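Listing of coords05.cif; format and content: mmCIF, C-alpha atoms.
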```
data_query
#
loop_
_atom_site.label_atom_id
_atom_site.label_comp_id
_atom_site.auth_asym_id
_atom_site.auth_seq_id
_atom_site.Cartn_x
_atom_site.Cartn_y
_atom_site.Cartn_z
CA MET A 133 -1.44 -58.55 17.46
CA HIS A 134 0.98 -57.51 20.20
CA GLU A 135 -0.19 -58.35 23.70
CA ASP A 136 1.70 -55.56 25.46
CA ILE A 137 0.25 -53.05 23.02
CA ALA A 138 -3.22 -54.52 23.54
CA ASN A 139 -2.90 -53.72 27.24
CA LYS A 140 -1.74 -50.21 26.43
CA ILE A 141 -4.73 -49.73 24.13
CA LEU A 142 -7.08 -50.79 26.93
CA LEU A 143 -5.35 -48.52 29.42
CA ALA A 144 -5.43 -45.63 26.95
CA GLN A 145 -9.17 -46.09 26.51
CA SER A 146 -9.77 -46.13 30.25
CA GLY A 147 -7.62 -43.03 30.70
CA GLU A 148 -4.98 -44.88 32.70
CA LEU A 149 -2.08 -44.92 30.26
CA PRO A 150 0.83 -42.87 31.66
CA ALA A 151 1.46 -39.73 29.66
CA GLY A 152 4.95 -40.88 28.73
CA GLU A 153 3.64 -43.97 26.93
CA TRP A 154 1.21 -42.26 24.58
CA ASN A 155 3.86 -41.46 21.99
CA GLU A 156 5.12 -45.02 21.94
CA LEU A 157 1.55 -46.27 21.43
CA ARG A 158 0.86 -43.77 18.63
CA LYS A 159 4.02 -44.74 16.83
CA HIS A 160 3.20 -48.41 17.10
CA LEU A 161 -0.37 -47.98 15.88
CA ALA A 162 0.81 -45.96 12.93
CA GLY A 163 2.81 -48.91 11.71
CA CYS A 164 0.76 -51.93 12.88
CA GLU A 165 -2.54 -52.64 11.15
CA ASP A 166 -3.43 -55.55 13.48
CA CYS A 167 -3.22 -53.36 16.57
CA ARG A 168 -5.14 -50.55 14.85
CA ARG A 169 -7.90 -52.98 13.97
CA TYR A 170 -7.90 -54.29 17.54
CA ARG A 171 -8.45 -50.78 18.85
CA GLU A 172 -11.28 -50.19 16.39
CA ASP A 173 -12.90 -53.51 17.33
CA ILE A 174 -12.86 -52.62 21.01
CA ASP A 175 -14.55 -49.32 20.25
CA GLN A 176 -17.18 -51.14 18.16
CA ILE A 177 -17.82 -53.78 20.81
CA ALA A 178 -18.15 -51.11 23.50
CA ALA A 179 -20.62 -49.18 21.35
CA TRP A 180 -22.71 -52.26 20.59
CA ALA A 181 -22.57 -53.50 24.16
CA GLY A 182 -23.98 -50.17 25.23
CA GLN A 183 -26.99 -50.77 23.00
CA ALA A 184 -27.35 -54.51 23.46
CA LEU A 185 -26.90 -55.11 27.15
CA PRO A 186 -29.92 -54.53 29.35
CA VAL A 187 -29.65 -51.42 31.47
CA GLY A 188 -32.86 -51.63 33.48
CA SER A 189 -33.74 -49.51 36.43
CA PRO A 190 -34.39 -50.27 40.07
CA SER A 191 -38.06 -50.42 40.97
CA PRO A 192 -39.59 -47.36 42.68
CA ALA A 193 -40.00 -49.39 45.87
CA VAL A 194 -36.23 -49.92 46.01
CA SER A 195 -35.56 -46.22 45.52
CA ARG A 196 -38.02 -45.42 48.32
CA ALA A 197 -36.41 -47.96 50.64
CA ILE A 198 -32.97 -46.48 50.03
CA ARG A 199 -34.32 -43.00 50.70
CA MET A 200 -35.92 -44.15 53.97
CA GLU A 201 -32.71 -45.84 55.09
CA ALA A 202 -30.76 -42.69 54.24
CA GLU A 203 -33.21 -40.58 56.28
CA ARG A 204 -33.09 -43.00 59.19
CA ARG A 205 -29.32 -42.90 59.34
CA ALA A 206 -28.86 -39.20 58.56
CA LYS A 207 -27.76 -36.75 61.23
CA PRO A 208 -30.02 -33.72 61.65
CA GLU A 209 -29.23 -30.53 59.77
CA PRO A 210 -26.93 -28.09 61.62
CA ILE A 211 -29.73 -25.51 61.83
CA LEU A 212 -32.05 -28.15 63.23
CA ARG A 213 -29.38 -29.24 65.69
CA PHE A 214 -28.88 -25.61 66.76
CA ALA A 215 -32.64 -25.14 67.10
CA ARG A 216 -32.87 -28.23 69.28
CA SER A 217 -30.00 -27.01 71.48
CA ALA A 218 -31.52 -23.54 71.71
CA ALA A 219 -34.88 -25.04 72.64
CA ARG A 220 -33.23 -27.01 75.43
CA VAL A 221 -31.48 -23.87 76.75
CA LEU A 222 -34.72 -21.88 76.58
CA ALA A 223 -36.60 -24.62 78.39
CA CYS A 224 -33.99 -24.63 81.17
CA ALA A 225 -34.12 -20.83 81.39
CA ALA A 226 -37.91 -20.86 81.57
CA ALA A 227 -37.84 -23.46 84.32
CA LEU A 228 -35.31 -21.41 86.28
CA MET A 229 -37.41 -18.26 85.89
CA LEU A 230 -40.49 -20.07 87.12
CA LEU A 231 -38.59 -21.24 90.20
CA LEU A 232 -37.30 -17.72 90.92
CA ALA A 233 -40.73 -16.20 90.42
CA GLY A 234 -42.25 -18.74 92.79
CA TRP A 235 -39.58 -18.10 95.42
CA HIS A 236 -40.03 -14.34 95.07
CA THR A 237 -43.79 -14.60 95.45
CA LEU A 238 -43.43 -16.72 98.58
CA THR A 239 -40.85 -14.45 100.25
CA ALA A 240 -42.70 -11.28 99.25
CA GLY A 241 -45.78 -12.57 101.04
CA ARG A 242 -43.73 -13.33 104.13
CA HIS A 243 -42.18 -9.84 104.16
CA ALA A 244 -45.59 -8.21 103.82
CA GLU A 245 -46.74 -10.21 106.84
CA ARG A 246 -43.71 -9.03 108.81
CA ILE A 247 -44.42 -5.36 107.94
CA HIS A 248 -47.91 -5.77 109.31
CA GLU A 249 -46.54 -7.48 112.45
CA ILE A 250 -44.06 -4.63 113.10
CA ASP A 251 -46.76 -2.00 112.52
CA ALA A 252 -49.05 -3.88 114.89
CA ILE A 253 -46.36 -4.07 117.62
CA LEU A 254 -45.62 -0.36 117.30
CA ALA A 255 -49.32 0.46 117.43
CA ILE A 256 -49.73 -1.63 120.59
CA ALA A 257 -46.66 -0.02 122.12
CA ASP A 258 -48.17 3.44 121.47
CA ALA A 259 -51.55 2.48 122.87
CA ASP A 260 -50.38 0.64 125.99
CA ASP A 261 -47.86 3.20 127.28
CA PRO A 262 -49.04 3.62 130.95
CA MET A 263 -46.71 6.36 132.07
CA PRO A 264 -47.52 10.02 131.44
CA VAL A 265 -44.77 11.43 129.39
CA PRO A 266 -43.49 14.98 129.62
CA VAL A 267 -43.67 17.04 126.46
CA ALA A 268 -39.89 17.09 126.05
CA ASP A 269 -39.83 13.30 126.32
CA ILE A 270 -42.69 12.97 123.83
CA GLN A 271 -40.50 14.51 121.16
CA ALA A 272 -37.64 12.15 122.03
CA ALA A 273 -40.03 9.20 121.99
CA THR A 274 -41.39 10.20 118.60
CA GLY A 275 -37.84 10.39 117.33
CA ARG A 276 -37.07 6.90 118.68
CA GLU A 277 -40.27 5.54 117.15
CA GLU A 278 -39.40 7.09 113.85
CA LYS A 279 -35.94 5.57 114.08
CA LEU A 280 -37.49 2.18 114.84
CA ARG A 281 -39.77 2.46 111.82
CA THR A 282 -36.86 3.49 109.62
CA LEU A 283 -34.79 0.60 110.96
CA ALA A 284 -37.61 -1.81 110.16
CA ARG A 285 -37.90 -0.44 106.64
CA GLN A 286 -34.12 -0.68 106.14
CA LEU A 287 -34.14 -4.28 107.31
CA LEU A 288 -36.91 -5.07 104.82
CA GLN A 289 -35.07 -3.16 102.14
CA MET A 290 -31.98 -5.30 102.73
CA GLU A 291 -34.15 -8.37 102.20
CA GLY A 292 -35.24 -7.03 98.85
CA LEU A 293 -38.41 -5.21 99.82
CA GLY A 294 -39.06 -1.63 100.61
CA ASN A 295 -38.57 1.74 99.01
CA GLU A 296 -35.16 3.08 97.96
CA SER A 297 -36.26 6.64 98.60
CA GLU A 298 -36.31 5.88 102.33
CA PRO A 299 -33.29 7.26 104.27
CA SER A 300 -30.38 4.90 104.71
CA LEU A 301 -29.78 3.27 108.06
CA LEU A 302 -26.41 5.05 108.33
CA GLU A 303 -28.04 8.47 107.92
CA ILE A 304 -30.27 7.97 110.91
CA MET B 105 -21.81 -24.05 37.30
CA ALA B 106 -19.32 -26.63 38.48
CA GLU B 107 -20.72 -30.08 39.17
CA THR B 108 -20.90 -30.93 42.82
CA THR B 109 -18.32 -33.58 43.58
CA ASP B 110 -19.07 -36.88 45.27
CA LYS B 111 -17.01 -35.75 48.23
CA GLU B 112 -19.09 -32.59 48.66
CA LEU B 113 -22.32 -34.55 48.40
CA LEU B 114 -21.10 -37.06 50.98
CA THR B 115 -20.10 -34.25 53.32
CA ARG B 116 -23.55 -32.72 52.96
CA TYR B 117 -25.20 -36.06 53.69
CA ARG B 118 -23.01 -36.57 56.74
CA ARG B 119 -24.33 -33.22 58.00
CA GLY B 120 -27.88 -34.44 57.58
CA ASP B 121 -28.81 -33.42 54.01
CA VAL B 122 -30.60 -36.54 52.74
CA ASP B 123 -31.15 -34.98 49.31
CA ALA B 124 -27.38 -34.99 48.76
CA LEU B 125 -27.36 -38.77 49.02
CA GLY B 126 -30.33 -38.86 46.67
CA VAL B 127 -28.21 -37.06 44.08
CA LEU B 128 -25.51 -39.73 44.42
CA VAL B 129 -28.03 -42.56 44.13
CA GLU B 130 -29.39 -41.03 40.95
CA LYS B 131 -25.93 -40.28 39.56
CA TYR B 132 -24.81 -43.90 39.80
CA ARG B 133 -28.20 -45.56 39.39
CA ARG B 134 -27.77 -46.48 35.75
CA PRO B 135 -24.21 -47.88 35.67
CA LEU B 136 -24.53 -49.63 39.02
CA PHE B 137 -27.89 -51.22 38.30
CA ALA B 138 -26.86 -52.20 34.78
CA PHE B 139 -23.74 -53.88 36.13
CA ILE B 140 -25.71 -55.80 38.77
CA LEU B 141 -28.48 -56.70 36.35
CA ASN B 142 -26.07 -58.11 33.79
CA MET B 143 -24.13 -60.01 36.41
CA ILE B 144 -27.23 -61.49 38.05
CA GLY B 145 -29.70 -61.65 35.20
CA GLY B 146 -33.06 -60.95 36.89
CA GLN B 147 -34.86 -57.75 37.78
CA ASN B 148 -35.94 -58.89 41.26
CA GLU B 149 -32.52 -60.10 42.29
CA ALA B 150 -30.90 -57.01 40.80
CA ASP B 151 -33.35 -54.88 42.81
CA GLU B 152 -32.42 -56.72 45.99
CA ILE B 153 -28.70 -56.38 45.45
CA PHE B 154 -28.93 -52.74 44.37
CA GLN B 155 -30.82 -51.99 47.58
CA GLU B 156 -28.36 -53.98 49.70
CA VAL B 157 -25.41 -52.21 48.12
CA TRP B 158 -26.84 -48.82 49.07
CA PHE B 159 -27.87 -49.97 52.54
CA ARG B 160 -24.33 -51.25 53.13
CA ALA B 161 -22.87 -48.03 51.74
CA ILE B 162 -25.11 -45.83 53.92
CA ARG B 163 -24.21 -47.82 57.04
CA SER B 164 -20.49 -47.66 56.23
CA LEU B 165 -20.30 -44.00 55.25
CA ALA B 166 -18.96 -42.97 58.65
CA GLY B 167 -15.70 -44.76 57.93
CA TYR B 168 -15.61 -44.02 54.20
CA GLU B 169 -12.42 -42.30 53.09
CA GLU B 170 -12.00 -43.52 49.50
CA ARG B 171 -11.27 -41.24 46.60
CA ASN B 172 -13.42 -43.06 44.06
CA PHE B 173 -16.95 -43.38 45.41
CA PHE B 174 -18.31 -45.37 42.47
CA GLY B 175 -15.33 -47.72 42.64
CA TRP B 176 -16.23 -48.32 46.27
CA LEU B 177 -19.86 -48.98 45.36
CA ALA B 178 -18.74 -51.38 42.64
CA ARG B 179 -16.63 -53.29 45.15
CA ILE B 180 -19.61 -53.63 47.47
CA ALA B 181 -21.72 -54.77 44.51
CA HIS B 182 -19.00 -57.23 43.47
CA ASN B 183 -19.04 -58.79 46.96
CA PHE B 184 -22.81 -59.16 46.93
CA VAL B 185 -22.79 -60.65 43.43
CA ILE B 186 -20.09 -63.15 44.35
CA ASP B 187 -21.87 -64.03 47.56
CA ARG B 188 -25.15 -64.54 45.72
CA ALA B 189 -23.46 -66.67 43.07
CA ARG B 190 -21.85 -68.83 45.74
CA ARG B 191 -25.13 -69.34 47.52
CA LYS B 192 -26.85 -70.28 44.31
CA ARG B 193 -23.83 -72.23 43.10
CA SER B 194 -24.51 -70.66 39.78
CA ASP B 195 -20.99 -69.98 38.63
CA VAL B 196 -21.13 -70.53 34.91
CA SER B 197 -18.40 -72.55 33.35
CA LEU B 198 -17.93 -72.85 29.65
CA ASP B 199 -17.50 -76.58 30.13
CA GLU B 200 -20.95 -76.96 31.66
CA GLU B 201 -23.70 -78.23 29.39
CA LEU B 202 -26.97 -76.54 28.60
CA ALA B 203 -30.30 -78.34 28.99
CA ASP B 204 -30.12 -79.74 25.48
CA GLY B 205 -26.70 -81.26 26.12
CA VAL B 206 -24.78 -78.68 24.08
CA PRO B 207 -21.65 -77.45 25.87
CA LEU B 208 -22.01 -73.81 26.78
CA ARG B 209 -18.72 -73.08 25.05
CA ASP B 210 -20.32 -74.04 21.74
CA ALA B 211 -23.44 -72.04 22.47
CA ILE B 212 -21.49 -68.79 22.36
CA PRO B 213 -22.25 -67.49 18.90
CA GLY B 214 -18.67 -66.61 18.04
CA ALA B 215 -17.65 -70.21 18.62
CA THR B 216 -20.37 -71.86 16.55
CA PRO B 217 -19.29 -73.70 13.42
CA ASP B 218 -21.96 -71.96 11.41
CA PRO B 219 -21.73 -68.22 12.20
CA GLU B 220 -23.40 -67.14 8.97
CA ARG B 221 -26.60 -68.90 9.98
CA GLU B 222 -26.49 -67.21 13.36
CA ILE B 223 -25.98 -63.81 11.80
CA GLU B 224 -28.99 -64.40 9.63
CA LYS B 225 -31.18 -65.25 12.59
CA LYS B 226 -30.22 -62.56 15.07
CA ASP B 227 -28.75 -59.16 14.96
CA LEU B 228 -25.30 -58.59 16.35
CA ALA B 229 -26.41 -56.68 19.41
CA ALA B 230 -28.61 -59.49 20.70
CA ARG B 231 -25.91 -62.06 20.03
CA LEU B 232 -23.33 -59.94 21.71
CA ALA B 233 -25.52 -59.64 24.79
CA LYS B 234 -25.93 -63.41 24.86
CA ALA B 235 -22.19 -63.90 24.42
CA VAL B 236 -21.44 -61.55 27.29
CA GLU B 237 -23.93 -63.43 29.43
CA CYS B 238 -22.06 -66.65 28.73
CA LEU B 239 -18.61 -65.33 29.59
CA PRO B 240 -16.92 -66.78 32.69
CA ALA B 241 -17.94 -64.76 35.72
CA GLU B 242 -14.58 -63.03 36.24
CA GLN B 243 -14.27 -62.02 32.58
CA LYS B 244 -17.89 -60.92 32.40
CA GLU B 245 -17.42 -58.79 35.49
CA VAL B 246 -14.32 -57.07 34.11
CA PHE B 247 -16.07 -56.49 30.79
CA LEU B 248 -19.20 -55.02 32.44
CA MET B 249 -17.30 -52.93 34.93
CA ARG B 250 -15.18 -51.47 32.17
CA ILE B 251 -17.71 -51.08 29.35
CA GLN B 252 -20.96 -50.48 31.23
CA ALA B 253 -19.85 -48.95 34.49
CA ASP B 254 -16.85 -47.14 32.96
CA LEU B 255 -14.59 -48.09 35.83
CA PRO B 256 -10.82 -47.83 35.32
CA PHE B 257 -8.81 -51.06 35.46
CA LYS B 258 -7.23 -49.96 38.69
CA GLU B 259 -10.64 -49.98 40.39
CA ILE B 260 -11.70 -53.19 38.68
CA ALA B 261 -8.54 -54.93 39.92
CA ARG B 262 -9.22 -53.61 43.39
CA ALA B 263 -12.79 -54.89 43.33
CA GLN B 264 -11.68 -58.32 42.17
CA LYS B 265 -8.68 -58.32 44.53
CA VAL B 266 -6.29 -59.12 41.68
CA SER B 267 -3.40 -57.30 40.03
CA ILE B 268 -4.12 -54.78 37.29
CA ASN B 269 -2.39 -57.13 34.83
CA THR B 270 -4.83 -59.91 35.74
CA ALA B 271 -7.76 -57.56 35.21
CA LEU B 272 -6.32 -56.56 31.82
CA ALA B 273 -5.80 -60.21 30.89
CA ARG B 274 -9.41 -61.05 31.77
CA MET B 275 -10.56 -58.21 29.55
CA GLN B 276 -8.37 -59.49 26.73
CA TYR B 277 -9.90 -62.99 27.08
CA ALA B 278 -13.41 -61.56 27.04
CA LEU B 279 -12.67 -59.46 23.96
CA ALA B 280 -11.07 -62.44 22.24
CA LYS B 281 -14.40 -64.27 22.54
CA LEU B 282 -16.46 -61.32 21.36
CA ARG B 283 -14.32 -60.12 18.48
CA PRO B 284 -15.04 -63.02 16.10
CA MET B 285 -18.72 -62.09 16.17
CA LEU B 286 -17.87 -58.59 15.14
CA ARG B 287 -15.64 -59.89 12.36
CA GLU B 288 -18.38 -62.17 11.07
CA TYR B 289 -20.90 -59.34 11.16
CA GLN B 290 -18.55 -57.03 9.29
CA SER B 291 -17.77 -59.60 6.63
CA ALA B 292 -21.44 -60.55 6.13
#
```

Target format structure tokens, applied to this file:
Amino acid sequence: MHEDIANKILLAQSGELPAGEWNELRKHLAGCEDCRRYREDIDQIAAWAGQALPVGSPSPAVSRAIRMEAERRAKPEPILRFARSAARVLACAAALMLLLAGWHTLTAGRHAERIHEIDAILAIADADDPMPVPVADIQAATGREEKLRTLARQLLQMEGLGNESEPSLLEI
Amino acid sequence: MAETTDKELLTRYRRGDVDALGVLVEKYRRPLFAFILNMIGGQNEADEIFQEVWFRAIRSLAGYEERNFFGWLARIAHNFVIDRARRKRSDVSLDEELADGVPLRDAIPGATPDPEREIEKKDLAARLAKAVECLPAEQKEVFLMRIQADLPFKEIARAQKVSINTALARMQYALAKLRPMLREYQSA
């Protein structure tokens, strides 16, 4: 039996023999009975070893342990990762909205109080006017009062309260 | 449908798909466990090593860039088997004696002076299994990696950290010890 050919036979069986050496091997085997028999013996031994050697199987507990380790070390799925990111963004947005809503509620209350205060001052001013006013002046005073009211509304409008249908400060 | 490659399965696992790793475990369960079992010899120890091999592989997957996944697993298994053998100091030498004082070399059926009697007592498969068990560790490993795990010699040499010619030589030695049994069986 030729040792170099024996190696080639083994490499041919494992699929590692370079393509260029197949012809040389075939030619040799065609003319060498010892090497042919060697190749047949290896095939036989491999076939019998497959039947004779224990194969076994890992116990179910081992398979479970491997699965648990794989789960423990695995990164979350992309969709899950996206969902977690989206949840974080939504939570931040919700918190921001709550803050804005709270601020708005607080300032809206303050503006309402200021409207009442201005109305009260104007009412007192009307009631406590000691001087008799001529008719021509009454009209002018009403105009001034109206302008004052409009100015107050415009100021409130600029702070985010008030009605847009009111005349603009510049039109007065 | 084309079979999903190891690389694709590993990519899926790296993205969090645990089932993809399960496919790989199942794919290589039989050859890997059979190799470990035949190298070690006991179900419990084989279980332990099989589990350790996969634990090590899972932990190391981040840096894994090999082309042959099973070859990589076999190398991890080889290291565990060698480590276990060292700890147990159970390296088998053919010059060691069995409990009854018979040198192990003579206990290999192919080397017995009376092969006909052996053939009569046991069938070839059982004797072959025993003979493989008694091979020197390096030869047994090459034989099992090649025949049972279907690893190419290139990967076997890599696992054993030897040249491919050394791996081939070890296989030749192993086959030289097993062939006489086959001859005797065929001539019986």

Rows by chain and residue number, chain B within 9 Å of chain A, shortest pair, all atoms listed in the file, as a tab-separated table:
```
residue	atom	partner	partner_atom	distance
B:Tyr117	CA	A:Ala206	CA	6.9
B:Arg118	CA	A:Lys207	CA	6.5
B:Arg119	CA	A:Glu209	CA	5.9
B:Gly120	CA	A:Lys207	CA	4.3
B:Asp121	CA	A:Glu209	CA	6.5
B:Val122	CA	A:Glu203	CA	6.0
B:Asp123	CA	A:Arg199	CA	8.7
B:Leu125	CA	A:Ala202	CA	7.4
B:Gly126	CA	A:Arg199	CA	7.0
B:Val129	CA	A:Ser195	CA	8.5
B:Arg133	CA	A:Ser189	CA	7.4
B:Arg134	CA	A:Ser189	CA	6.7
B:Pro135	CA	A:Val187	CA	7.7
B:Phe137	CA	A:Ser189	CA	6.4
B:Ala138	CA	A:Val187	CA	4.4
B:Phe139	CA	A:Val187	CA	7.9
B:Leu141	CA	A:Val187	CA	7.3
B:Asn142	CA	A:Pro186	CA	6.9
B:Gln147	CA	A:Gly188	CA	7.7
B:Asn148	CA	A:Ser191	CA	8.7
B:Ala150	CA	A:Pro190	CA	7.6
B:Asp151	CA	A:Pro190	CA	5.5
B:Glu152	CA	A:Val194	CA	7.8
B:Phe154	CA	A:Pro190	CA	7.4
B:Gln155	CA	A:Val194	CA	6.0
B:Glu156	CA	A:Ile198	CA	8.8
B:Trp158	CA	A:Ile198	CA	6.6
B:Phe159	CA	A:Ile198	CA	6.7
B:Ile162	CA	A:Ala202	CA	6.5
B:Arg163	CA	A:Arg205	CA	7.5
B:Leu228	CA	A:Trp180	CA	8.0
B:Ala229	CA	A:Ala184	CA	4.7
B:Ala230	CA	A:Ala184	CA	5.8
B:Arg231	CA	A:Ala184	CA	8.4
B:Leu232	CA	A:Ala181	CA	6.9
B:Ala233	CA	A:Leu185	CA	5.3
B:Lys234	CA	A:Leu185	CA	8.7
B:Val236	CA	A:Leu185	CA	8.4
B:Arg250	CA	A:Ser146	CA	7.8
B:Ile251	CA	A:Ala178	CA	5.9
B:Gln252	CA	A:Gly182	CA	6.7
B:Asp254	CA	A:Ser146	CA	7.6
B:Leu255	CA	A:Ser146	CA	7.6
B:Pro256	CA	A:Ser146	CA	5.4
B:Phe257	CA	A:Ser146	CA	7.2
B:Lys258	CA	A:Glu148	CA	8.2
B:Asn269	CA	A:Asn139	CA	8.3
B:Leu272	CA	A:Asn139	CA	6.4
B:Ala273	CA	A:Asn139	CA	8.0
B:Met275	CA	A:Leu142	CA	8.6
B:Gln276	CA	A:Ala138	CA	7.8
B:Leu279	CA	A:Ile174	CA	7.5
B:Leu282	CA	A:Ile177	CA	7.7
B:Arg283	CA	A:Asp173	CA	6.9
B:Leu286	CA	A:Ile177	CA	7.4
B:Arg287	CA	A:Asp173	CA	8.5
```

Rounded to one decimal place, report the CA of Ala271 (chain B)-CA of Tyr289 (chain B) distance in Å. 27.5 Å

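Reported to one decimal place, the separation of CA of Arg160 (chain B) from CA of Phe184 (chain B) is 10.2 Å.
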
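Note that the spacing between CA of Asp187 (chain B) and CA of Ile153 (chain B) amounts to 10.5 Å.
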
Starting from the displayed file, determine the output of the PyMOL selection byres ((chain A and resi 133) around 6) and express the residue list as a PyMOL selection string. chain A and resi 134+166-167

Requested write-out: C-alpha atoms of the selected residues, as a PDB file, in the coordinates of the input:
```pdb
ATOM      1  CA  HIS A 134       0.980 -57.510  20.200  1.00  0.00           C
ATOM      2  CA  ASP A 166      -3.430 -55.550  13.480  1.00  0.00           C
ATOM      3  CA  CYS A 167      -3.220 -53.360  16.570  1.00  0.00           C
TER       4      CYS A 167
END
```

Write out as a PDB file with C-alpha atoms, in the frame of the given file the residues lying within 10 Å of Asp110 (chain B), counting all atoms listed in the file and excluding same-chain residues fewer than 4 positions away.
```
ATOM      1  CA  LEU B 114     -21.100 -37.060  50.980  1.00  0.00           C
ATOM      2  CA  THR B 115     -20.100 -34.250  53.320  1.00  0.00           C
ATOM      3  CA  ARG B 116     -23.550 -32.720  52.960  1.00  0.00           C
ATOM      4  CA  ALA B 124     -27.380 -34.990  48.760  1.00  0.00           C
ATOM      5  CA  LEU B 125     -27.360 -38.770  49.020  1.00  0.00           C
ATOM      6  CA  VAL B 127     -28.210 -37.060  44.080  1.00  0.00           C
ATOM      7  CA  LEU B 128     -25.510 -39.730  44.420  1.00  0.00           C
ATOM      8  CA  LYS B 131     -25.930 -40.280  39.560  1.00  0.00           C
ATOM      9  CA  ARG B 171     -11.270 -41.240  46.600  1.00  0.00           C
ATOM     10  CA  ASN B 172     -13.420 -43.060  44.060  1.00  0.00           C
ATOM     11  CA  PHE B 173     -16.950 -43.380  45.410  1.00  0.00           C
ATOM     12  CA  PHE B 174     -18.310 -45.370  42.470  1.00  0.00           C
TER      13      PHE B 174
END
```

Quick one: residues within 10 Å of region 241-243 of chain A, only C-alpha atoms, excluding same-chain residues fewer than 4 positions away - as a ChimeraX atom specification? /A:236-237,247-249,288-289,291-294

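Nearest residue to Leu136 (chain B), choosing from B:Ile268, B:Ala161, B:Ala263, B:Leu177 and counting only C-alpha atoms: B:Leu177.
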
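This file, filtered with the PyMOL selection byres ((chain A and resi 158) around 12), gives the residues A:Ile137, A:Lys140, A:Ile141, A:Ala144, A:Ala151, A:Gly152, A:Glu153, A:Trp154, A:Asn155, A:Glu156, A:Leu157, A:Lys159, A:His160, A:Leu161, A:Ala162, A:Gly163, A:Cys164, A:Cys167, A:Arg168, A:Arg171.
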